[in-house]
$ cat final24.cif   # mmCIF, C-alpha atoms
data_protein
loop_
_atom_site.label_atom_id
_atom_site.label_comp_id
_atom_site.auth_asym_id
_atom_site.auth_seq_id
_atom_site.Cartn_x
_atom_site.Cartn_y
_atom_site.Cartn_z
CA MET A 354 9.15 24.82 8.50
CA PHE A 355 6.19 22.61 9.35
CA LYS A 356 3.77 25.47 9.96
CA TRP A 357 1.68 24.49 6.93
CA LEU A 358 1.15 21.11 8.54
CA HIS A 359 -0.38 22.43 11.74
CA PRO A 360 -3.96 23.03 10.51
CA LEU A 361 -4.12 19.35 9.50
CA ALA A 362 -3.85 18.31 13.14
CA LYS A 363 -7.47 19.42 13.48
CA PRO A 364 -9.59 16.31 12.78
CA GLU A 365 -12.27 18.09 10.76
CA THR A 366 -9.74 19.78 8.46
CA LEU A 367 -7.85 16.51 8.02
CA TYR A 368 -11.06 14.63 7.22
CA HIS A 369 -11.92 16.98 4.37
CA PHE A 370 -8.31 17.18 3.20
CA CYS A 371 -8.13 13.38 2.92
CA GLY A 372 -11.52 13.32 1.19
CA LYS A 373 -10.28 15.78 -1.44
CA LEU A 374 -7.02 13.92 -1.94
CA SER A 375 -8.26 10.35 -2.19
CA PRO A 376 -9.91 10.38 -5.68
CA TRP A 377 -6.69 11.80 -7.15
CA LEU A 378 -4.58 9.25 -5.34
CA MET A 379 -6.94 6.47 -6.42
CA ALA A 380 -6.75 7.43 -10.10
CA SER A 381 -2.96 7.85 -10.11
CA ALA A 382 -2.35 4.70 -8.04
CA LEU A 383 -4.49 2.44 -10.24
CA PHE A 384 -3.09 3.98 -13.42
CA THR A 385 0.56 3.58 -12.43
CA LEU A 386 -0.07 0.09 -11.01
CA LEU A 387 -1.61 -1.17 -14.24
CA LEU A 388 0.96 0.65 -16.39
CA GLY A 389 3.94 -0.64 -14.41
CA ASN A 390 2.68 -4.19 -14.12
CA ILE A 391 1.52 -4.60 -17.73
CA TRP A 392 4.75 -3.05 -18.98
CA GLY A 393 6.79 -5.29 -16.73
CA LEU A 394 4.84 -8.42 -17.57
CA GLY A 395 4.63 -8.17 -21.33
CA PHE A 396 6.77 -5.37 -22.71
CA THR A 397 10.20 -5.97 -21.22
CA PRO A 398 12.75 -8.53 -22.36
CA THR A 399 13.24 -11.71 -20.37
CA ASP A 400 16.13 -12.39 -18.02
CA TYR A 401 18.91 -14.48 -19.54
CA GLN A 402 19.35 -16.59 -16.40
CA GLN A 403 16.03 -16.55 -14.60
CA GLY A 404 13.77 -16.67 -17.64
CA ASP A 405 10.29 -15.23 -17.20
CA SER A 406 10.25 -15.96 -13.46
CA TYR A 407 12.08 -12.67 -12.94
CA ARG A 408 8.86 -10.81 -13.84
CA ILE A 409 7.79 -11.34 -10.24
CA ILE A 410 10.26 -8.53 -9.47
CA HIS A 411 7.65 -6.00 -10.61
CA ILE A 412 5.53 -6.69 -7.53
CA HIS A 413 8.08 -8.24 -5.16
CA VAL A 414 10.49 -5.31 -4.99
CA PRO A 415 7.90 -2.49 -4.85
CA SER A 416 5.89 -4.25 -2.13
CA ALA A 417 9.02 -5.07 -0.12
CA ILE A 418 10.37 -1.51 -0.32
CA MET A 419 7.02 -0.01 0.54
CA SER A 420 6.43 -2.46 3.39
CA MET A 421 9.42 -0.77 4.99
CA GLY A 422 8.32 2.67 3.78
CA ALA A 423 4.91 2.14 5.37
CA TYR A 424 6.56 1.08 8.61
CA LEU A 425 8.73 4.19 8.59
CA ALA A 426 5.65 6.37 8.02
CA MET A 427 3.84 4.55 10.82
CA ALA A 428 6.78 4.91 13.21
CA ILE A 429 7.07 8.65 12.46
CA ALA A 430 3.33 9.06 13.11
CA ALA A 431 3.69 7.07 16.35
CA PHE A 432 6.65 9.21 17.45
CA THR A 433 4.69 12.38 16.68
CA ALA A 434 1.74 11.06 18.66
CA LEU A 435 3.89 10.14 21.65
CA VAL A 436 6.02 13.28 21.80
CA TRP A 437 3.61 16.04 20.76
CA GLN A 438 0.40 14.28 21.85
CA ILE A 439 -1.31 14.79 18.51
CA LYS A 440 -4.33 12.50 18.33
CA THR A 441 -4.69 12.59 14.54
CA ALA A 442 -1.15 11.18 14.31
CA GLN A 443 -2.24 8.48 16.73
CA TRP A 444 -5.11 7.47 14.45
CA ALA A 445 -2.78 7.47 11.46
CA VAL A 446 -0.72 4.73 13.14
CA LEU A 447 -3.67 2.34 13.13
CA ALA A 448 -4.70 3.47 9.64
CA ILE A 449 -1.32 2.55 8.14
CA ALA A 450 -0.69 -0.71 10.04
CA PRO A 451 -3.02 -3.02 8.00
CA ILE A 452 -1.72 -1.56 4.72
CA GLY A 453 1.86 -2.25 5.76
CA ALA A 454 0.91 -5.74 6.89
CA VAL A 455 -0.65 -6.51 3.50
CA TYR A 456 2.45 -5.17 1.69
CA THR A 457 4.71 -7.32 3.88
CA ALA A 458 2.54 -10.37 3.22
CA ILE A 459 2.71 -9.65 -0.53
CA ALA A 460 6.51 -9.30 -0.37
CA LEU A 461 6.82 -12.60 1.52
CA LEU A 462 4.36 -14.54 -0.66
CA THR A 463 5.77 -13.32 -3.98
CA GLY A 464 9.26 -13.98 -2.61
CA MET A 465 8.24 -17.55 -1.85
CA ALA A 466 6.79 -18.02 -5.33
CA TRP A 467 10.05 -16.67 -6.76
CA GLY A 468 12.26 -18.66 -4.40
CA LYS A 469 10.75 -22.01 -5.30
CA PRO A 470 11.82 -22.01 -8.99
CA MET A 471 15.12 -20.13 -8.37
CA TRP A 472 16.41 -21.52 -5.06
CA GLY A 473 14.46 -24.77 -5.00
CA ALA A 474 12.70 -23.95 -1.73
CA TRP A 475 9.61 -21.99 -0.82
CA TRP A 476 11.23 -20.81 2.39
CA VAL A 477 14.71 -20.66 3.92
CA TRP A 478 15.64 -19.14 7.28
CA ASP A 479 17.76 -16.54 5.56
CA ALA A 480 18.50 -13.23 7.33
CA ARG A 481 16.53 -11.14 4.83
CA LEU A 482 13.49 -13.42 4.89
CA THR A 483 13.49 -13.79 8.66
CA SER A 484 13.80 -10.05 9.33
CA GLU A 485 10.97 -9.37 6.86
CA LEU A 486 8.84 -11.96 8.68
CA ILE A 487 9.56 -10.13 11.94
CA LEU A 488 8.29 -6.97 10.25
CA LEU A 489 4.98 -8.75 9.58
CA PHE A 490 4.75 -9.75 13.25
CA LEU A 491 5.52 -6.16 14.29
CA TYR A 492 2.58 -4.96 12.20
CA PHE A 493 0.37 -7.64 13.80
CA GLY A 494 1.67 -6.61 17.22
CA VAL A 495 0.81 -2.94 16.65
CA MET A 496 -2.70 -3.85 15.49
CA ALA A 497 -3.28 -6.32 18.31
CA LEU A 498 -2.01 -4.00 21.07
CA HIS A 499 -4.34 -1.27 19.90
CA GLY A 500 -7.35 -3.35 20.76
CA ALA A 501 -5.89 -5.23 23.73
CA PHE A 502 -6.71 -2.65 26.41
CA SER A 503 -10.12 -1.70 27.74
CA ASP A 504 -8.90 1.89 27.74
CA ARG A 505 -8.46 3.01 24.12
CA GLN A 506 -5.91 5.68 25.03
CA THR A 507 -3.60 3.22 26.78
CA GLY A 508 -3.83 0.77 23.89
CA ALA A 509 -3.00 3.50 21.41
CA LYS A 510 0.02 4.60 23.43
CA VAL A 511 1.42 1.10 23.86
CA ALA A 512 0.92 0.35 20.16
CA SER A 513 2.75 3.55 19.25
CA LEU A 514 5.58 2.63 21.56
CA LEU A 515 5.94 -0.75 19.87
CA ALA A 516 5.85 0.94 16.44
CA VAL A 517 8.69 3.28 17.44
CA ILE A 518 10.82 0.58 19.08
CA GLY A 519 10.18 -1.83 16.21
CA SER A 520 11.73 0.59 13.73
CA ILE A 521 15.10 -0.86 14.78
CA ASN A 522 14.13 -3.72 12.46
CA LEU A 523 14.23 -1.46 9.37
CA PRO A 524 18.03 -1.08 9.14
CA ILE A 525 18.33 -4.77 10.00
CA ILE A 526 16.17 -5.69 7.00
CA HIS A 527 17.97 -3.23 4.76
CA PHE A 528 21.51 -4.27 5.65
CA SER A 529 20.78 -7.97 6.23
CA VAL A 530 22.06 -8.80 2.74
CA GLU A 531 25.35 -7.08 3.51
CA TRP A 532 25.91 -8.05 7.13
CA TRP A 533 25.19 -11.73 6.69
CA ASN A 534 25.93 -14.22 3.98
CA THR A 535 22.40 -14.50 2.62
CA LEU A 536 20.84 -16.54 -0.11
CA HIS A 537 18.83 -13.45 -0.95
CA GLN A 538 20.63 -11.19 -3.41
CA GLY A 539 21.85 -7.70 -2.61
CA ALA A 540 20.08 -4.47 -3.44
CA THR A 541 19.38 -3.86 -7.12
CA ILE A 542 18.30 -0.25 -6.85
CA THR A 543 20.29 2.04 -4.57
CA LYS A 544 20.34 5.79 -4.32
CA PHE A 545 24.13 5.91 -4.33
CA ALA A 546 25.23 3.68 -7.16
CA LYS A 547 24.19 2.91 -10.70
CA PRO A 548 21.41 0.30 -10.56
CA SER A 549 22.48 -3.18 -11.59
CA ILE A 550 19.46 -3.63 -13.82
CA ASP A 551 18.92 -2.72 -17.45
CA PRO A 552 16.93 0.53 -18.01
CA SER A 553 14.31 -1.39 -20.04
CA MET A 554 13.48 -3.35 -16.88
CA LEU A 555 14.15 -0.51 -14.44
CA TRP A 556 11.48 1.91 -15.71
CA PRO A 557 8.44 -0.33 -15.20
CA LEU A 558 9.89 -1.29 -11.81
CA LEU A 559 10.13 2.35 -10.74
CA ILE A 560 6.58 3.00 -11.98
CA SER A 561 5.30 0.03 -9.96
CA LEU A 562 7.20 1.35 -6.95
CA LEU A 563 5.46 4.71 -7.36
CA ALA A 564 2.16 2.84 -7.70
CA PHE A 565 2.60 1.04 -4.39
CA LYS A 566 3.48 4.33 -2.75
CA LEU A 567 0.40 6.08 -4.13
CA LEU A 568 -1.76 3.10 -3.20
CA MET A 569 -0.50 3.33 0.37
CA LEU A 570 -1.26 7.06 0.52
CA TRP A 571 -4.72 6.52 -0.97
CA LEU A 572 -5.70 3.78 1.46
CA THR A 573 -4.21 5.71 4.39
CA CYS A 574 -6.52 8.60 3.47
CA VAL A 575 -9.54 6.30 3.29
CA ARG A 576 -8.73 4.49 6.54
CA LEU A 577 -7.79 7.68 8.37
CA ARG A 578 -11.19 9.20 7.51
CA THR A 579 -12.94 6.21 9.10
CA ALA A 580 -10.75 6.54 12.19
CA ILE A 581 -11.52 10.27 12.46
CA LEU A 582 -15.26 9.61 12.29
CA GLU A 583 -15.03 6.83 14.88
CA ASN A 584 -13.11 8.97 17.34
CA GLU A 585 -15.04 12.18 16.75
CA GLN A 586 -18.52 10.68 16.54
CA HIS A 587 -19.86 12.78 19.43
CA ARG A 588 -18.71 16.07 17.94
CA PRO A 589 -21.24 18.36 16.29
CA TRP A 590 -19.42 18.48 12.94
CA VAL A 591 -19.60 14.70 12.56
CA LYS A 592 -23.28 14.65 13.50
CA GLN A 593 -23.95 17.34 10.93
CA LEU A 594 -21.92 15.53 8.28
CA VAL A 595 -23.47 12.10 8.79
CA GLY A 596 -26.94 13.51 9.35
CA LYS A 597 -26.87 15.00 5.85
CA VAL A 598 -25.97 11.72 4.13
CA MET B 766 -9.92 13.87 -12.32
CA MET B 767 -11.76 14.86 -15.49
CA HIS B 768 -9.05 17.39 -16.24
CA SER B 769 -6.30 14.80 -16.27
CA LEU B 770 -8.40 12.51 -18.49
CA SER B 771 -9.07 15.27 -21.00
CA LEU B 772 -5.37 16.10 -20.96
CA PHE B 773 -4.55 12.55 -22.03
CA PHE B 774 -7.21 12.72 -24.72
CA MET B 775 -5.78 15.97 -26.06
CA LEU B 776 -2.32 14.44 -26.15
CA PHE B 777 -3.51 11.56 -28.29
CA THR B 778 -5.62 13.68 -30.63
CA ALA B 779 -2.72 16.10 -31.12
CA SER B 780 -0.46 13.25 -32.19
CA PRO B 781 -2.41 10.29 -33.63
CA GLU B 782 0.74 8.31 -34.34
CA LEU B 783 1.85 8.51 -30.69
CA PRO B 784 0.49 5.04 -29.74
CA GLN B 785 2.32 3.40 -32.65
CA LYS B 786 5.49 5.26 -31.75
CA LEU B 787 5.21 4.09 -28.19
CA PHE B 788 4.55 0.50 -29.23
CA GLY B 789 7.50 0.70 -31.59
CA LEU B 790 9.69 1.70 -28.67
CA PHE B 791 8.22 -0.92 -26.36
CA PRO B 792 7.16 -3.91 -28.45
CA PHE B 793 5.19 -6.76 -26.91
CA TYR B 794 7.90 -9.21 -25.93
CA PHE B 795 5.99 -12.45 -26.48
CA ALA B 796 5.14 -13.89 -29.91
CA SER B 797 1.51 -14.51 -29.00
CA PHE B 798 -0.91 -14.16 -26.13
CA SER B 799 -0.71 -17.87 -25.32
CA ASP B 800 3.09 -17.51 -25.15
CA PHE B 801 2.53 -14.66 -22.74
CA LEU B 802 0.32 -16.85 -20.56
CA ALA B 803 2.89 -19.67 -20.67
CA MET B 804 5.76 -17.40 -19.46
CA ALA B 805 8.27 -19.73 -21.09
CA THR B 806 10.53 -17.77 -23.47
CA THR B 807 13.62 -19.62 -22.23
CA GLY B 808 12.01 -23.04 -22.57
CA ILE B 809 11.06 -23.47 -18.93
CA SER B 810 7.54 -22.42 -18.03
CA TYR B 811 7.23 -20.18 -15.00
CA ALA B 812 3.51 -19.58 -15.55
CA PHE B 813 2.49 -21.15 -12.22
CA PHE B 814 4.85 -19.04 -10.12
CA VAL B 815 4.35 -15.77 -12.00
CA TRP B 816 0.55 -15.98 -12.08
CA LEU B 817 0.44 -17.23 -8.50
CA SER B 818 2.39 -14.14 -7.38
CA PHE B 819 0.35 -11.68 -9.37
CA GLY B 820 -2.92 -13.43 -8.42
CA LEU B 821 -2.17 -13.35 -4.69
CA THR B 822 -0.98 -9.74 -4.89
CA TYR B 823 -4.11 -8.49 -6.62
CA LEU B 824 -6.34 -10.60 -4.37
CA LEU B 825 -4.80 -9.05 -1.24
CA LEU B 826 -4.80 -5.52 -2.67
CA VAL B 827 -8.41 -5.69 -3.84
CA GLY B 828 -9.39 -7.18 -0.49
CA LEU B 829 -7.69 -4.33 1.37
CA ILE B 830 -9.31 -1.67 -0.83
CA VAL B 831 -12.80 -3.19 -0.56
CA TRP B 832 -12.44 -3.73 3.20
CA SER B 833 -11.27 -0.12 3.79
CA TYR B 834 -14.17 1.36 1.82
CA TYR B 835 -16.67 -1.06 3.37
CA GLN B 836 -15.57 -0.11 6.90
CA HIS B 837 -15.96 3.58 6.09
CA LYS B 838 -19.42 3.16 4.57
CA GLN B 839 -20.60 0.82 7.30
CA PHE B 840 -19.53 3.13 10.10
CA LYS B 841 -21.23 6.11 8.48
CA GLN B 842 -24.47 4.12 8.11
CA GLN B 843 -24.35 2.86 11.69
CA LEU B 844 -23.71 6.34 13.01
CA ALA B 845 -26.52 7.80 10.91
CA ALA B 846 -28.89 5.09 12.19
CA ARG B 847 -27.87 5.76 15.78
CA LEU B 848 -28.30 9.51 15.41
CA ALA B 849 -31.74 9.02 13.82
CA ARG B 850 -32.75 6.75 16.69
CA GLU B 851 -31.59 9.27 19.28
CA GLN B 852 -33.60 11.90 17.44
CA ARG B 853 -36.74 9.71 17.54
CA VAL B 854 -36.31 8.97 21.26
CA LYS B 855 -35.93 12.67 21.95
CA GLN B 856 -39.05 13.49 19.95
CA TYR B 857 -41.04 10.81 21.79
CA GLN B 858 -39.92 12.11 25.17
CA GLU B 859 -40.91 15.63 24.19
CA GLN B 860 -44.38 14.40 23.20
CA GLN B 861 -44.84 12.67 26.55
CA THR B 862 -44.14 15.77 28.59
#
$ encode --input "final24.cif" --output "structure tokens"
Amino acid sequence: MFKWLHPLAKPETLYHFCGKLSPWLMASALFTLLLGNIWGLGFTPTDYQQGDSYRIIHIHVPSAIMSMGAYLAMAIAAFTALVWQIKTAQWAVLAIAPIGAVYTAIALLTGMAWGKPMWGAWWVWDARLTSELILLFLYFGVMALHGAFSDRQTGAKVASLLAVIGSINLPIIHFSVEWWNTLHQGATITKFAKPSIDPSMLWPLLISLLAFKLLMLWLTCVRLRTAILENEQHRPWVKQLVGKV
Amino acid sequence: MMHSLSLFFMLFTASPELPQKLFGLFPFYFASFSDFLAMATTGISYAFFVWLSFGLTYLLLVGLIVWSYYQHKQFKQQLAARLAREQRVKQYQEQQT
């Protein structure tokens, strides 16, 4: 089933594959981001209770969902690296971590700016907010552990282990609004039920969600290419490639 | 990339009234641009919170994009410089012998 994926484990093939992919991802990510955000900001009706403050949803929800999506991708890469000893998967872990950390920071900051006018407080120690903050620290932990050992291999392994173990936080974040009595509202978009949001507001939200996903893929490609070069710098193909530039 | 752009262009030239149709379906919600900036259709202005959120988001995203590309470019340059230096050292050693 995953036979088509195998050639991409070779660093050189992956480097060129990411290079080919990234301009397409860049164009589609920037296009959908601008489309979704402009649509959401100016071309949707206002909320009858929250007024125009609800427009923060168009970045808050996509960044929050994708902060967990990025973590899932990172944890899968870490698992692959640990079990099958694939070094390109190992480099992908460190490539994704800063992107996920930025998404988590965006979700927290926009949530604060939304919480202040709606709840009256920038921050409350609510289950959803706290578990999302732990996600940010997990990203920091993965990044810090990578560089904390004099032996790169050991650092990479320990960081991957933390990434895999930390994935226990994902269901906690997701179900926190159901398990505990939170100030944070429940899920608006679910795969199983009709979304509790009007279609006129849902479409730009879904487009922004796609944009954050594409942006993550684009930046992963860019960052993974740097990681491949760094780790393969003594190989002939890298010398040939860089020598030409 | 050029293909997708030309596809868009063809779409608009094939149907010149498409933009108006789209804007008829999705009209600009605010009465004016200053109303849009004020973010206050219900009487309470949320401009500070909305623009703070979007400002921080774009600041962080642009920072991440620029940083990622800068790292890539910088590493390539450093590696190229190192390889060139190694080449020069090798040449010099060959001259000496």
$ resolve_selection --input "final24.cif" --expression "the PyMOL selection byres ((chain B) within 9 of (chain A))" --output "ChimeraX atom specification"
/B:766,791-795,801,804-819,821-822,825-826,829-830,833-834,836-838,840-842,844-845,848-849
$ atom_distance --input "final24.cif" --atom1 "CA of Ile521 (chain A)" --atom2 "CA of Ile439 (chain A)"
23.0 Å
$ residues_near_point --input "final24.cif" --point "(8.4, 11.1, 15.7)" --cutoff "12 Å" --atoms "only C-alpha atoms" --output "VMD selection string"
chain A and resid 425 to 439 442 to 443 446 513 to 514 516 to 518 520
$ atom_distance --input "final24.cif" --atom1 "CA of Pro415 (chain A)" --atom2 "CA of Gly500 (chain A)"
29.8 Å
$ atom_distance --input "final24.cif" --atom1 "CA of Trp532 (chain A)" --atom2 "CA of Phe565 (chain A)"
27.5 Å
$ resolve_selection --input "final24.cif" --expression "the PyMOL selection byres ((chain A and resi 482-495) around 6)" --output "VMD selection string"
chain A and resid 450 454 457 478 to 481 496 to 498 512 526
$ residues_around --input "final24.cif" --residues "Leu367 (chain A)" --least-positions-apart "5" --cutoff "10 Å" --atoms "all atoms listed in the file" --output "compact mmCIF listing (two decimals) with C-alpha atoms, in the coordinates of the input"
# COMPACT_ATOMS: atom_id res chain seq x y z
CA PRO A 360 -3.96 23.03 10.51
CA LEU A 361 -4.12 19.35 9.50
CA ALA A 362 -3.85 18.31 13.14
CA GLY A 372 -11.52 13.32 1.19
CA LYS A 373 -10.28 15.78 -1.44
CA THR A 441 -4.69 12.59 14.54
CA CYS A 574 -6.52 8.60 3.47
CA LEU A 577 -7.79 7.68 8.37
CA ARG A 578 -11.19 9.20 7.51
CA ILE A 581 -11.52 10.27 12.46
$ closest_residue --input "final24.cif" --among "A:Val477, A:Phe384, A:His499, A:Ile550" --to "Leu515 (chain A)" --atoms "only C-alpha atoms"
A:His499
$ build_atoms --input "final24.cif" --residues "region 490-501 of chain A" --atoms "N, CA and C atoms" --output "mmCIF file, in the coordinates of the input"
data_model
loop_
_atom_site.group_PDB
_atom_site.id
_atom_site.type_symbol
_atom_site.label_atom_id
_atom_site.label_comp_id
_atom_site.auth_asym_id
_atom_site.auth_seq_id
_atom_site.Cartn_x
_atom_site.Cartn_y
_atom_site.Cartn_z
ATOM 1 N N PHE A 490 5.210 -9.554 11.864
ATOM 2 C CA PHE A 490 4.750 -9.750 13.250
ATOM 3 C C PHE A 490 4.680 -8.415 14.000
ATOM 4 N N LEU A 491 5.582 -7.488 13.654
ATOM 5 C CA LEU A 491 5.520 -6.160 14.290
ATOM 6 C C LEU A 491 4.220 -5.450 13.915
ATOM 7 N N TYR A 492 3.854 -5.554 12.622
ATOM 8 C CA TYR A 492 2.580 -4.960 12.200
ATOM 9 C C TYR A 492 1.422 -5.605 12.963
ATOM 10 N N PHE A 493 1.435 -6.945 13.067
ATOM 11 C CA PHE A 493 0.370 -7.640 13.800
ATOM 12 C C PHE A 493 0.357 -7.183 15.255
ATOM 13 N N GLY A 494 1.559 -7.033 15.833
ATOM 14 C CA GLY A 494 1.670 -6.610 17.220
ATOM 15 C C GLY A 494 1.056 -5.233 17.449
ATOM 16 N N VAL A 495 1.360 -4.295 16.532
ATOM 17 C CA VAL A 495 0.810 -2.940 16.650
ATOM 18 C C VAL A 495 -0.716 -2.987 16.585
ATOM 19 N N MET A 496 -1.237 -3.769 15.639
ATOM 20 C CA MET A 496 -2.700 -3.850 15.490
ATOM 21 C C MET A 496 -3.337 -4.520 16.698
ATOM 22 N N ALA A 497 -2.698 -5.586 17.197
ATOM 23 C CA ALA A 497 -3.280 -6.320 18.310
ATOM 24 C C ALA A 497 -3.254 -5.501 19.603
ATOM 25 N N LEU A 498 -2.127 -4.798 19.839
ATOM 26 C CA LEU A 498 -2.010 -4.000 21.070
ATOM 27 C C LEU A 498 -3.040 -2.886 21.129
ATOM 28 N N HIS A 499 -3.364 -2.341 19.955
ATOM 29 C CA HIS A 499 -4.340 -1.270 19.900
ATOM 30 C C HIS A 499 -5.664 -1.690 20.541
ATOM 31 N N GLY A 500 -6.047 -2.915 20.265
ATOM 32 C CA GLY A 500 -7.350 -3.350 20.760
ATOM 33 C C GLY A 500 -7.275 -4.156 22.045
ATOM 34 N N ALA A 501 -6.060 -4.300 22.610
ATOM 35 C CA ALA A 501 -5.890 -5.230 23.730
ATOM 36 C C ALA A 501 -6.205 -4.607 25.086
#
